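Participant: Contents of final-v4.cif (mmCIF, C-alpha atoms) are given next:
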data_model
#
loop_
_atom_site.label_atom_id
_atom_site.label_comp_id
_atom_site.auth_asym_id
_atom_site.auth_seq_id
_atom_site.Cartn_x
_atom_site.Cartn_y
_atom_site.Cartn_z
CA MET P 1271 5.94 30.95 -4.32
CA SER P 1272 6.14 27.97 -6.70
CA GLU P 1273 3.03 27.18 -8.73
CA ILE P 1274 2.27 24.57 -11.38
CA LEU P 1275 -0.72 25.04 -13.64
CA ILE P 1276 -1.93 21.82 -15.27
CA THR P 1277 -3.94 22.56 -18.40
CA ASN P 1278 -5.83 20.66 -21.10
CA GLY P 1279 -6.72 17.71 -18.93
CA ARG P 1280 -9.77 15.55 -18.64
CA LEU P 1281 -10.12 15.70 -14.87
CA ILE P 1282 -11.36 12.68 -12.91
CA THR P 1283 -12.03 14.15 -9.47
CA TRP P 1284 -13.01 11.00 -7.50
CA GLY P 1285 -15.01 13.33 -5.31
CA ALA P 1286 -18.32 12.43 -3.72
CA PRO P 1287 -19.96 12.46 -6.15
CA ASN P 1288 -17.30 11.84 -8.76
CA GLU P 1289 -17.05 14.30 -11.66
CA ILE P 1290 -15.38 14.35 -15.06
CA ILE P 1291 -14.33 17.87 -16.04
CA GLU P 1292 -13.55 18.31 -19.74
CA ASN P 1293 -10.75 20.71 -20.73
CA GLY P 1294 -9.96 21.11 -17.06
CA GLY P 1295 -7.08 22.63 -15.18
CA LEU P 1296 -5.46 22.40 -11.76
CA LEU P 1297 -3.35 24.96 -9.95
CA LEU P 1298 -0.85 23.34 -7.58
CA ARG P 1299 0.66 25.47 -4.84
CA ASP P 1300 2.54 24.59 -1.63
CA GLY P 1301 1.78 20.89 -1.94
CA ARG P 1302 -1.97 21.28 -2.39
CA ILE P 1303 -4.51 21.96 -5.09
CA ALA P 1304 -5.08 25.69 -4.89
CA ASP P 1305 -7.61 26.07 -7.69
CA MET P 1306 -9.37 23.95 -10.30
CA GLY P 1307 -11.87 24.32 -13.08
CA ALA P 1308 -11.83 25.26 -16.75
CA ALA P 1309 -8.26 25.31 -18.08
CA ALA P 1310 -8.71 28.52 -20.08
CA GLU P 1311 -10.07 30.40 -17.08
CA LEU P 1312 -7.26 29.20 -14.80
CA ALA P 1313 -4.65 30.15 -17.41
CA ALA P 1314 -6.06 33.66 -17.60
CA ASN P 1315 -6.13 34.00 -13.81
CA HIS P 1316 -2.61 32.63 -13.22
CA PRO P 1317 -0.44 33.82 -16.12
CA ASP P 1318 2.87 33.46 -14.24
CA ALA P 1319 2.43 29.85 -13.13
CA ARG P 1320 4.62 27.16 -14.65
CA ARG P 1321 2.54 25.35 -17.28
CA LEU P 1322 2.19 21.58 -17.55
CA ASP P 1323 0.10 20.60 -20.56
CA ALA P 1324 -1.81 17.31 -20.17
CA HIS P 1325 -2.54 17.16 -23.91
CA GLY P 1326 -6.01 15.74 -23.37
CA GLN P 1327 -4.91 12.95 -21.06
CA LEU P 1328 -6.90 11.91 -18.01
CA VAL P 1329 -5.75 13.83 -14.93
CA MET P 1330 -6.52 11.93 -11.74
CA PRO P 1331 -5.50 11.66 -8.09
CA GLY P 1332 -2.53 9.37 -7.53
CA ASN P 1333 -3.26 5.77 -6.59
CA ILE P 1334 -3.04 4.63 -2.97
CA CYS P 1335 -1.82 1.21 -1.81
CA ALA P 1336 -3.22 0.00 1.52
CA HIS P 1337 -0.72 -2.81 2.23
CA THR P 1338 2.65 -3.60 0.68
CA HIS P 1339 6.12 -4.99 1.42
CA PHE P 1340 9.02 -3.04 -0.06
CA TYR P 1341 11.47 -5.58 1.38
CA GLY P 1342 10.31 -8.29 -1.03
CA ALA P 1343 11.59 -6.61 -4.21
CA PHE P 1344 14.64 -8.85 -4.51
CA ALA P 1345 12.54 -12.04 -4.55
CA ARG P 1346 11.60 -11.64 -8.21
CA GLY P 1347 12.99 -14.58 -10.20
CA MET P 1348 14.68 -16.17 -7.20
CA GLY P 1349 14.90 -19.96 -7.18
CA ILE P 1350 13.75 -21.77 -4.02
CA PRO P 1351 15.81 -24.89 -3.23
CA GLY P 1352 13.93 -28.16 -2.81
CA PRO P 1353 10.57 -29.42 -4.05
CA PRO P 1354 7.76 -27.01 -4.95
CA MET P 1355 6.25 -25.28 -1.94
CA LYS P 1356 3.05 -27.10 -1.03
CA ASP P 1357 1.07 -24.48 0.94
CA PHE P 1358 1.28 -21.03 2.49
CA PRO P 1359 3.10 -22.09 5.71
CA ASP P 1360 5.71 -23.75 3.48
CA ILE P 1361 6.00 -20.51 1.46
CA LEU P 1362 6.53 -18.51 4.65
CA GLU P 1363 9.22 -20.82 6.01
CA ARG P 1364 11.09 -21.51 2.81
CA LEU P 1365 10.82 -18.13 1.09
CA TRP P 1366 9.82 -15.09 3.10
CA TRP P 1367 11.29 -15.99 6.48
CA ARG P 1368 14.62 -16.73 4.82
CA LEU P 1369 14.60 -13.80 2.44
CA ASP P 1370 13.97 -11.26 5.19
CA ARG P 1371 16.85 -12.71 7.26
CA ALA P 1372 19.16 -12.39 4.25
CA LEU P 1373 18.67 -8.62 4.03
CA LEU P 1374 21.26 -6.16 5.29
CA ASP P 1375 20.84 -2.41 5.76
CA VAL P 1376 21.85 -1.54 2.22
CA ASP P 1377 19.49 -4.17 0.82
CA VAL P 1378 16.63 -2.67 2.79
CA LYS P 1379 17.23 0.72 1.23
CA PHE P 1380 17.64 -0.49 -2.33
CA SER P 1381 14.72 -2.91 -2.25
CA ALA P 1382 12.63 0.07 -1.17
CA LEU P 1383 14.04 2.19 -4.00
CA VAL P 1384 13.21 -0.53 -6.54
CA SER P 1385 9.64 -0.66 -5.22
CA LEU P 1386 9.34 3.12 -5.30
CA ILE P 1387 10.50 3.37 -8.91
CA ASP P 1388 7.75 0.88 -9.69
CA ALA P 1389 5.25 2.98 -7.73
CA ILE P 1390 6.11 6.25 -9.49
CA LYS P 1391 5.98 4.63 -12.93
CA HIS P 1392 2.54 3.20 -12.15
CA GLY P 1393 1.08 6.33 -10.57
CA THR P 1394 0.96 5.03 -7.01
CA THR P 1395 1.72 8.02 -4.84
CA THR P 1396 0.83 6.85 -1.31
CA LEU P 1397 1.77 3.46 0.17
CA ILE P 1398 1.34 1.75 3.53
CA ASP P 1399 4.38 -0.51 3.98
CA HIS P 1400 5.03 -3.42 6.34
CA HIS P 1401 8.74 -4.09 6.79
CA ALA P 1402 10.87 -7.01 8.05
CA SER P 1403 14.67 -7.51 8.13
CA PRO P 1404 15.62 -9.63 11.18
CA SER P 1405 19.37 -9.35 10.50
CA ALA P 1406 19.13 -5.56 10.33
CA VAL P 1407 16.32 -4.42 12.62
CA ASN P 1408 17.75 -1.34 14.30
CA ASN P 1409 17.18 1.82 12.25
CA SER P 1410 15.85 -0.23 9.32
CA LEU P 1411 12.83 2.07 9.03
CA ASP P 1412 15.23 4.97 8.55
CA GLN P 1413 16.66 3.13 5.54
CA VAL P 1414 13.18 2.83 4.08
CA ALA P 1415 12.34 6.42 5.02
CA GLU P 1416 15.45 7.72 3.26
CA ALA P 1417 14.39 5.91 0.09
CA VAL P 1418 10.88 7.33 0.37
CA GLU P 1419 12.19 10.88 0.73
CA MET P 1420 14.59 10.41 -2.19
CA ALA P 1421 11.72 9.21 -4.37
CA GLY P 1422 9.31 11.89 -3.19
CA VAL P 1423 6.25 9.69 -2.60
CA ARG P 1424 4.19 9.32 0.59
CA ALA P 1425 4.56 6.24 2.78
CA ALA P 1426 3.39 5.05 6.18
CA LEU P 1427 5.98 2.66 7.63
CA CYS P 1428 6.17 0.05 10.37
CA TYR P 1429 8.37 -2.85 11.46
CA GLU P 1430 7.02 -6.40 11.72
CA VAL P 1431 7.31 -7.64 15.33
CA THR P 1432 7.54 -11.43 15.57
CA ASP P 1433 8.60 -14.09 18.07
CA ARG P 1434 9.79 -16.50 15.39
CA ASN P 1435 13.48 -15.63 15.89
CA GLY P 1436 13.41 -15.34 19.68
CA PRO P 1437 12.60 -12.78 22.37
CA GLU P 1438 15.56 -10.49 21.67
CA GLU P 1439 14.46 -9.92 18.08
CA ALA P 1440 10.86 -9.41 19.19
CA GLN P 1441 12.00 -6.69 21.56
CA ALA P 1442 14.18 -5.16 18.83
CA GLY P 1443 11.12 -4.95 16.59
CA ILE P 1444 9.11 -3.27 19.32
CA ASP P 1445 11.93 -0.81 19.91
CA GLU P 1446 12.23 -0.03 16.20
CA ASN P 1447 8.53 0.78 15.88
CA VAL P 1448 8.62 3.00 18.96
CA ARG P 1449 11.85 4.73 17.91
CA PHE P 1450 10.53 5.49 14.44
CA LEU P 1451 7.15 6.73 15.64
CA TYR P 1452 8.85 9.14 18.01
CA SER P 1453 11.32 10.22 15.30
CA LEU P 1454 8.45 11.31 13.06
CA GLN P 1455 7.75 14.12 15.51
CA GLU P 1456 11.16 15.59 14.67
CA ARG P 1457 11.06 15.15 10.89
CA GLU P 1458 10.26 17.97 8.53
CA GLY P 1459 7.70 17.61 5.77
CA ASN P 1460 4.73 15.28 5.60
CA LEU P 1461 5.75 12.52 3.20
CA LEU P 1462 6.32 10.04 6.05
CA ALA P 1463 3.98 8.57 8.62
CA GLY P 1464 4.04 5.46 10.77
CA THR P 1465 2.12 2.78 12.60
CA PHE P 1466 3.07 -0.24 14.78
CA GLY P 1467 3.79 -3.43 12.83
CA LEU P 1468 3.05 -7.00 13.88
CA HIS P 1469 3.56 -10.15 11.82
CA ALA P 1470 0.62 -12.45 12.57
CA SER P 1471 -1.07 -14.21 15.46
CA LEU P 1472 0.73 -17.48 14.66
CA SER P 1473 4.15 -15.90 15.34
CA LEU P 1474 3.23 -13.75 18.35
CA SER P 1475 2.84 -14.88 21.95
CA ASP P 1476 0.37 -13.35 24.38
CA GLU P 1477 3.31 -11.83 26.24
CA THR P 1478 4.66 -10.12 23.11
CA LEU P 1479 1.22 -8.83 22.14
CA ALA P 1480 0.86 -7.36 25.63
CA ASP P 1481 4.31 -5.76 25.34
CA CYS P 1482 3.30 -4.18 22.02
CA VAL P 1483 0.08 -2.77 23.44
CA THR P 1484 2.04 -1.31 26.36
CA ALA P 1485 4.67 0.14 24.02
CA VAL P 1486 2.12 1.92 21.86
CA ASN P 1487 0.55 3.77 24.79
CA GLY P 1488 0.94 7.50 24.27
CA LEU P 1489 1.94 7.15 20.62
CA LYS P 1490 -1.56 7.64 19.15
CA SER P 1491 -0.95 4.69 16.85
CA GLY P 1492 -2.83 1.58 15.87
CA PHE P 1493 -1.38 -1.70 14.60
CA HIS P 1494 -0.75 -3.22 11.17
CA ILE P 1495 -0.96 -7.04 11.23
CA HIS P 1496 -1.65 -10.02 8.96
CA ALA P 1497 -4.61 -12.12 10.07
CA ALA P 1498 -6.16 -15.37 8.85
CA GLU P 1499 -4.34 -15.24 5.51
CA HIS P 1500 -4.32 -19.07 5.64
CA GLU P 1501 -6.20 -21.58 7.77
CA ALA P 1502 -2.97 -22.24 9.66
CA ASP P 1503 -3.32 -18.92 11.47
CA GLU P 1504 -6.78 -19.89 12.73
CA TYR P 1505 -5.75 -23.45 13.65
CA ASP P 1506 -2.71 -22.15 15.54
CA SER P 1507 -4.81 -19.69 17.53
CA LEU P 1508 -7.49 -22.26 18.34
CA ASP P 1509 -4.92 -24.86 19.37
CA LYS P 1510 -2.76 -22.58 21.54
CA TYR P 1511 -5.28 -20.11 22.92
CA GLY P 1512 -8.74 -21.66 22.44
CA LYS P 1513 -10.04 -18.78 20.38
CA ARG P 1514 -10.09 -17.63 16.77
CA VAL P 1515 -7.57 -15.10 15.49
CA ILE P 1516 -9.77 -11.98 15.45
CA ASN P 1517 -11.13 -12.82 18.92
CA ARG P 1518 -7.58 -13.21 20.19
CA LEU P 1519 -6.48 -9.89 18.69
CA ALA P 1520 -9.54 -8.17 20.11
CA ASP P 1521 -8.86 -9.56 23.58
CA ALA P 1522 -5.24 -8.41 23.33
CA GLY P 1523 -6.23 -4.83 22.47
CA ILE P 1524 -4.88 -4.90 18.91
CA LEU P 1525 -8.06 -4.05 17.02
CA GLY P 1526 -9.53 -0.57 16.64
CA SER P 1527 -10.22 2.28 14.26
CA LYS P 1528 -6.51 2.95 13.76
CA SER P 1529 -5.56 -0.69 13.15
CA ILE P 1530 -5.18 -2.55 9.86
CA VAL P 1531 -5.78 -6.29 9.41
CA ALA P 1532 -4.32 -7.58 6.15
CA HIS P 1533 -6.07 -10.41 4.27
CA ALA P 1534 -8.76 -11.80 6.66
CA VAL P 1535 -9.36 -14.63 4.18
CA HIS P 1536 -10.46 -17.28 6.70
CA ILE P 1537 -12.44 -15.35 9.29
CA ASP P 1538 -15.97 -16.38 10.25
CA PRO P 1539 -19.10 -14.22 10.67
CA ALA P 1540 -18.48 -13.64 14.38
CA GLU P 1541 -14.99 -12.39 13.60
CA MET P 1542 -16.42 -10.09 10.95
CA ALA P 1543 -18.77 -8.66 13.56
CA LEU P 1544 -15.80 -7.96 15.84
CA LEU P 1545 -13.96 -6.16 13.05
CA ARG P 1546 -17.04 -4.06 12.33
CA ASP P 1547 -17.72 -3.27 15.98
CA THR P 1548 -14.12 -2.19 16.61
CA GLY P 1549 -13.90 -0.14 13.40
CA THR P 1550 -10.83 -2.12 12.30
CA TRP P 1551 -9.64 -1.77 8.70
CA VAL P 1552 -9.22 -4.81 6.43
CA THR P 1553 -7.04 -4.87 3.32
CA HIS P 1554 -7.53 -7.17 0.34
CA GLN P 1555 -4.59 -8.36 -1.81
CA PRO P 1556 -6.02 -10.54 -4.60
CA ARG P 1557 -2.90 -11.19 -6.68
CA SER P 1558 -0.98 -12.32 -3.62
CA ASN P 1559 -3.87 -14.46 -2.39
CA MET P 1560 -4.06 -16.20 -5.75
CA ASN P 1561 -0.29 -16.64 -5.93
CA ASN P 1562 -0.22 -18.22 -2.46
CA ALA P 1563 -3.41 -20.23 -3.14
CA VAL P 1564 -4.92 -19.17 0.19
CA GLY P 1565 -8.47 -18.53 -1.00
CA ALA P 1566 -10.74 -15.54 -1.59
CA ALA P 1567 -11.77 -13.29 1.29
CA ASP P 1568 -15.46 -12.45 1.62
CA ILE P 1569 -14.91 -8.80 0.76
CA GLU P 1570 -18.52 -8.28 -0.31
CA GLY P 1571 -19.86 -9.70 2.94
CA MET P 1572 -17.47 -7.54 4.95
CA MET P 1573 -18.43 -4.41 3.06
CA ARG P 1574 -22.15 -5.16 3.52
CA LEU P 1575 -21.53 -5.38 7.25
CA GLY P 1576 -19.88 -1.97 7.20
CA ILE P 1577 -16.27 -3.12 7.57
CA PRO P 1578 -13.96 -0.67 5.75
CA VAL P 1579 -12.19 -2.90 3.21
CA ALA P 1580 -9.25 -1.32 1.37
CA LEU P 1581 -7.07 -2.56 -1.50
CA GLY P 1582 -3.36 -3.39 -1.23
CA ASN P 1583 -0.84 -5.38 -3.23
CA ASP P 1584 1.22 -7.33 -0.63
CA GLY P 1585 4.41 -6.42 -2.48
CA MET P 1586 3.32 -7.99 -5.79
CA GLY P 1587 4.07 -4.76 -7.65
CA ASN P 1588 2.72 -1.23 -7.43
CA ASN P 1589 0.41 -1.23 -10.43
CA MET P 1590 -2.79 -0.83 -8.43
CA TRP P 1591 -4.99 -1.21 -11.51
CA ALA P 1592 -3.71 -4.79 -11.71
CA GLU P 1593 -5.25 -5.30 -8.25
CA TRP P 1594 -8.56 -3.87 -9.51
CA LYS P 1595 -8.53 -6.38 -12.37
CA ALA P 1596 -7.50 -9.28 -10.14
CA THR P 1597 -10.27 -8.51 -7.67
CA TYR P 1598 -12.84 -8.32 -10.45
CA PHE P 1599 -11.89 -11.67 -11.98
CA MET P 1600 -10.83 -13.57 -8.84
CA HIS P 1601 -14.17 -13.42 -7.08
CA LYS P 1602 -16.17 -14.25 -10.21
CA GLN P 1603 -14.05 -17.36 -10.68
CA ALA P 1604 -14.01 -18.32 -7.00
CA HIS P 1605 -17.81 -18.17 -6.79
CA ARG P 1606 -18.54 -19.15 -10.40
CA ASP P 1607 -20.81 -16.13 -10.54
CA PRO P 1608 -20.22 -13.20 -12.94
CA ARG P 1609 -22.24 -10.93 -10.68
CA ARG P 1610 -19.63 -10.98 -7.91
CA ALA P 1611 -17.06 -8.20 -7.34
CA ASN P 1612 -18.99 -5.37 -8.93
CA GLY P 1613 -16.77 -2.69 -10.45
CA ALA P 1614 -18.38 0.01 -8.33
CA ASP P 1615 -17.54 -1.95 -5.17
CA ILE P 1616 -13.93 -2.26 -6.30
CA ALA P 1617 -13.82 1.51 -6.85
CA GLN P 1618 -15.23 1.97 -3.35
CA MET P 1619 -12.36 -0.09 -1.95
CA ALA P 1620 -9.54 1.22 -4.11
CA ILE P 1621 -10.52 4.90 -4.21
CA TYR P 1622 -12.74 5.97 -1.35
CA ASN P 1623 -11.75 3.44 1.32
CA ASN P 1624 -8.05 3.68 0.48
CA ALA P 1625 -8.25 7.47 0.73
CA ALA P 1626 -10.03 7.26 4.08
CA LEU P 1627 -7.41 4.81 5.37
CA ALA P 1628 -4.60 7.11 4.23
CA GLY P 1629 -6.39 9.86 6.13
CA LEU P 1630 -5.48 8.10 9.38
CA PHE P 1631 -1.85 8.92 8.67
CA TRP P 1632 -2.30 12.35 7.07
CA PRO P 1633 -5.43 13.59 8.87
CA ASP P 1634 -5.04 17.22 7.85
CA LEU P 1635 -4.41 16.50 4.18
CA PRO P 1636 -7.26 15.22 1.99
CA LEU P 1637 -5.89 12.47 -0.24
CA GLY P 1638 -7.24 10.52 -3.18
CA LYS P 1639 -9.33 13.25 -4.81
CA LEU P 1640 -9.04 16.39 -6.90
CA ALA P 1641 -10.46 19.24 -4.86
CA VAL P 1642 -9.31 22.63 -3.68
CA GLY P 1643 -7.27 22.06 -0.53
CA ALA P 1644 -6.53 18.40 -1.32
CA ALA P 1645 -3.02 17.02 -1.69
CA ALA P 1646 -1.35 17.88 -4.98
CA ASP P 1647 -0.83 14.17 -5.71
CA VAL P 1648 -1.76 13.90 -9.38
CA ILE P 1649 -1.15 11.55 -12.29
CA PHE P 1650 -1.65 11.81 -16.05
CA VAL P 1651 -3.07 8.74 -17.79
CA ASP P 1652 -2.72 8.44 -21.57
CA TYR P 1653 -6.09 6.78 -22.11
CA HIS P 1654 -8.27 7.81 -25.02
CA PRO P 1655 -11.13 5.31 -25.25
CA THR P 1656 -13.07 4.62 -28.41
CA THR P 1657 -16.24 4.12 -26.35
CA PRO P 1658 -17.87 6.77 -24.13
CA LEU P 1659 -16.26 7.28 -20.72
CA THR P 1660 -18.65 8.48 -18.02
CA VAL P 1661 -18.76 8.68 -14.26
CA GLY P 1662 -21.00 5.62 -14.28
CA ASN P 1663 -18.78 3.34 -16.35
CA LEU P 1664 -15.35 4.59 -15.25
CA PRO P 1665 -14.61 1.56 -13.01
CA TRP P 1666 -15.10 -0.78 -15.98
CA HIS P 1667 -12.86 1.38 -18.18
CA ILE P 1668 -10.16 0.99 -15.53
CA ILE P 1669 -10.66 -2.77 -15.29
CA PHE P 1670 -10.85 -3.45 -19.03
CA GLY P 1671 -8.99 -0.52 -20.56
CA PHE P 1672 -6.28 0.87 -18.29
CA GLU P 1673 -2.80 -0.63 -18.66
CA ALA P 1674 0.37 -0.19 -16.64
CA GLY P 1675 2.27 1.91 -19.17
CA MET P 1676 -0.46 4.52 -19.55
CA VAL P 1677 0.80 6.67 -16.66
CA THR P 1678 2.97 9.39 -18.17
CA THR P 1679 3.34 11.90 -15.33
CA THR P 1680 3.37 11.48 -11.55
CA ILE P 1681 3.24 14.41 -9.11
CA VAL P 1682 3.35 14.23 -5.30
CA ALA P 1683 2.93 17.23 -3.01
CA GLY P 1684 3.18 19.46 -6.07
CA LYS P 1685 6.60 18.03 -7.05
CA VAL P 1686 6.92 16.35 -10.44
CA LEU P 1687 8.47 12.90 -9.90
CA MET P 1688 7.99 11.67 -13.46
CA GLN P 1689 7.19 13.67 -16.58
CA ASP P 1690 6.45 12.14 -19.97
CA ARG P 1691 7.55 8.77 -18.54
CA ARG P 1692 10.96 10.15 -17.49
CA LEU P 1693 11.85 9.77 -13.82
CA LEU P 1694 13.09 13.01 -12.28
CA THR P 1695 13.88 12.13 -8.65
CA LEU P 1696 15.49 8.70 -8.99
CA ASP P 1697 18.18 7.39 -11.34
CA GLU P 1698 16.62 4.14 -12.46
CA ALA P 1699 19.68 2.86 -14.32
CA GLU P 1700 21.97 3.45 -11.35
CA ILE P 1701 19.55 1.92 -8.85
CA THR P 1702 18.95 -1.09 -11.11
CA ALA P 1703 22.66 -1.74 -11.57
CA ARG P 1704 23.40 -1.57 -7.84
CA SER P 1705 20.31 -3.63 -7.01
CA ARG P 1706 21.42 -6.43 -9.35
CA GLU P 1707 24.69 -6.67 -7.41
CA LEU P 1708 22.93 -6.60 -4.05
CA ALA P 1709 20.23 -9.08 -5.08
CA ALA P 1710 22.87 -11.62 -6.18
CA GLU P 1711 24.47 -11.36 -2.74
CA VAL P 1712 21.10 -11.65 -1.02
CA TRP P 1713 20.35 -14.82 -3.03
CA GLN P 1714 23.68 -16.31 -1.95
CA ARG P 1715 22.92 -15.62 1.72
CA PHE P 1716 19.40 -16.99 1.18
CA GLU P 1717 20.78 -20.29 -0.13
CA ARG P 1718 23.14 -20.60 2.82
CA LEU P 1719 20.18 -20.07 5.14
CA SER P 1720 18.31 -22.75 3.22
CA ALA P 1721 21.07 -25.32 3.56
#
Give the structure from the file, written as structure tokens.
Facilitator:
Amino acid sequence: MSEILITNGRLITWGAPNEIIENGGLLLRDGRIADMGAAAELAANHPDARRLDAHGQLVMPGNICAHTHFYGAFARGMGIPGPPMKDFPDILERLWWRLDRALLDVDVKFSALVSLIDAIKHGTTTLIDHHASPSAVNNSLDQVAEAVEMAGVRAALCYEVTDRNGPEEAQAGIDENVRFLYSLQEREGNLLAGTFGLHASLSLSDETLADCVTAVNGLKSGFHIHAAEHEADEYDSLDKYGKRVINRLADAGILGSKSIVAHAVHIDPAEMALLRDTGTWVTHQPRSNMNNAVGAADIEGMMRLGIPVALGNDGMGNNMWAEWKATYFMHKQAHRDPRRANGADIAQMAIYNNAALAGLFWPDLPLGKLAVGAAADVIFVDYHPTTPLTVGNLPWHIIFGFEAGMVTTTIVAGKVLMQDRRLLTLDEAEITARSRELAAEVWQRFERLSA
């Protein structure tokens, strides 16, 4: 029996209520937290356990990302031919819908590995991914899954079904989701989970939505879809179907307590009521929304209504504290009101709501907290503030004090993935070198597609 005893930590439990335990310890066994409390007492009770000294660092649950895109890793620094992109539909057509078509199987795997290195280094231990690679649909989720298992993190995967490249590709996307969801029943371990991916209302016909709902029958899965990220999604739905996006998705059977709607920037109050009444999850991605200039979702209004709003990154990078900061500042600026986006509300989204969302995929494994029986997904944060740190002001310490490089150790399911900032499961130099070669080839194919 393998045990790790973490000692000399300042434990942040993120329980309900949250606690800070000074000079705390954690005993990790069989992928879960087996014991916790005073470090000296645990050391006396478990003398044979492997020791991991936190040296006074904060010891916290790993971060969770509610919505990301591993496939976008090779876009960093890429030049887009032509004039500057004028709006979000232009960004979709000239960047993302060309980049995803330029990806081959090997690119899918390595873009995922690049993203997962970033996740481990930034203490993000659970991610909900949304994948697209139209030129390599079949078995593409296995490529991502292999990268996830190599890295040792947790990830819930899906493939983005869309009609934008024709009915054959739409069917291939449906088949890939179904194949992967069934394959999970045969896989060992619990690092991987899945859902059913859809692109957005504006790229999905009624017929394809109906086919997806039929395909998911018996799979105990919800859907993961973008909705109302830009006004174009609403205008398209109104023009083609005479109803707003959320109404259309509700009528199609897409919404529900197992479904995730990403963005929801341009929904109206009636659509919010539908999301609340169906128990549908919403994810907020502030850095991406600012980058695409699509606006600021009414996250506070949604949360007041009882909609579970979670925090993602949309593939912008797996430093989730950067999303905390962006949320805090974005909504103050958008509303010209420093009272907006309270730090406690951001913690509710990023910690408690993200953990509850992850619970859909790992229902028998408590995530996002330090507690006996919870997942042994733990990070060390080298943060030693000069001002008092308390349960009450912790969100503001994260927003104003935490930085990306402060994560020194990342553990998932009781396995150390990074220790003292040294990656143990992935060879970063080797992956970086190969990814540079692959990215250059992807960019060449991208430019040919742009011609």
Participant: Please write as an mmCIF file with C-alpha atoms, in the frame of the given file the full residue list that the PyMOL selection byres ((chain P and resi 1566) around 12) yields on this file.
Facilitator:
data_model
loop_
_atom_site.group_PDB
_atom_site.id
_atom_site.type_symbol
_atom_site.label_atom_id
_atom_site.label_comp_id
_atom_site.auth_asym_id
_atom_site.auth_seq_id
_atom_site.Cartn_x
_atom_site.Cartn_y
_atom_site.Cartn_z
ATOM 1 C CA ALA P 1498 -6.160 -15.370 8.850
ATOM 2 C CA GLU P 1499 -4.340 -15.240 5.510
ATOM 3 C CA HIS P 1500 -4.320 -19.070 5.640
ATOM 4 C CA HIS P 1533 -6.070 -10.410 4.270
ATOM 5 C CA ALA P 1534 -8.760 -11.800 6.660
ATOM 6 C CA VAL P 1535 -9.360 -14.630 4.180
ATOM 7 C CA HIS P 1536 -10.460 -17.280 6.700
ATOM 8 C CA ILE P 1537 -12.440 -15.350 9.290
ATOM 9 C CA HIS P 1554 -7.530 -7.170 0.340
ATOM 10 C CA GLN P 1555 -4.590 -8.360 -1.810
ATOM 11 C CA PRO P 1556 -6.020 -10.540 -4.600
ATOM 12 C CA ARG P 1557 -2.900 -11.190 -6.680
ATOM 13 C CA SER P 1558 -0.980 -12.320 -3.620
ATOM 14 C CA ASN P 1559 -3.870 -14.460 -2.390
ATOM 15 C CA MET P 1560 -4.060 -16.200 -5.750
ATOM 16 C CA ASN P 1561 -0.290 -16.640 -5.930
ATOM 17 C CA ASN P 1562 -0.220 -18.220 -2.460
ATOM 18 C CA ALA P 1563 -3.410 -20.230 -3.140
ATOM 19 C CA VAL P 1564 -4.920 -19.170 0.190
ATOM 20 C CA GLY P 1565 -8.470 -18.530 -1.000
ATOM 21 C CA ALA P 1567 -11.770 -13.290 1.290
ATOM 22 C CA ASP P 1568 -15.460 -12.450 1.620
ATOM 23 C CA ILE P 1569 -14.910 -8.800 0.760
ATOM 24 C CA GLU P 1570 -18.520 -8.280 -0.310
ATOM 25 C CA GLY P 1571 -19.860 -9.700 2.940
ATOM 26 C CA ALA P 1596 -7.500 -9.280 -10.140
ATOM 27 C CA THR P 1597 -10.270 -8.510 -7.670
ATOM 28 C CA TYR P 1598 -12.840 -8.320 -10.450
ATOM 29 C CA PHE P 1599 -11.890 -11.670 -11.980
ATOM 30 C CA MET P 1600 -10.830 -13.570 -8.840
ATOM 31 C CA HIS P 1601 -14.170 -13.420 -7.080
ATOM 32 C CA LYS P 1602 -16.170 -14.250 -10.210
ATOM 33 C CA GLN P 1603 -14.050 -17.360 -10.680
ATOM 34 C CA ALA P 1604 -14.010 -18.320 -7.000
ATOM 35 C CA HIS P 1605 -17.810 -18.170 -6.790
ATOM 36 C CA ARG P 1610 -19.630 -10.980 -7.910
ATOM 37 C CA ALA P 1611 -17.060 -8.200 -7.340
#
Participant: Do you know which residues the PyMOL selection byres ((chain P and resi 1495) around 8) returns on this file, as a list in words?
Facilitator: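 When the PyMOL selection byres ((chain P and resi 1495) around 8) is applied, the selected residues are Gly1467, Leu1468, His1469, Ala1470, Phe1493, His1494, His1496, Ala1497, Ile1530, Val1531 and Ala1532 of chain P.
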Participant: Per residue of stretch 1560-1672 of chain P within 9 Å of stretch 1381-1401 of chain P, what are the shortest atom pair and its distance in Å to one decimal, counting only C-alpha atoms, with rows by chain and residue number, as a Markdown table?
Facilitator:
| residue | atom | partner | partner_atom | distance |
| --- | --- | --- | --- | --- |
| P:Gly1582 | CA | P:Ile1398 | CA | 8.4 |
| P:Asp1584 | CA | P:Asp1399 | CA | 8.8 |
| P:Gly1585 | CA | P:Ser1385 | CA | 8.2 |
| P:Gly1587 | CA | P:Asp1388 | CA | 7.0 |
| P:Asn1588 | CA | P:Ala1389 | CA | 4.9 |
| P:Asn1589 | CA | P:His1392 | CA | 5.2 |
| P:Met1590 | CA | P:Thr1394 | CA | 7.1 |
| P:Trp1591 | CA | P:His1392 | CA | 8.7 |
| P:Ala1628 | CA | P:Thr1396 | CA | 7.8 |
| P:Leu1637 | CA | P:Thr1396 | CA | 8.8 |
| P:Asp1647 | CA | P:Thr1395 | CA | 6.7 |
| P:Val1648 | CA | P:Gly1393 | CA | 8.2 |
| P:Ile1649 | CA | P:Gly1393 | CA | 5.9 |
| P:Phe1650 | CA | P:Gly1393 | CA | 8.2 |
| P:Val1651 | CA | P:Gly1393 | CA | 8.7 |
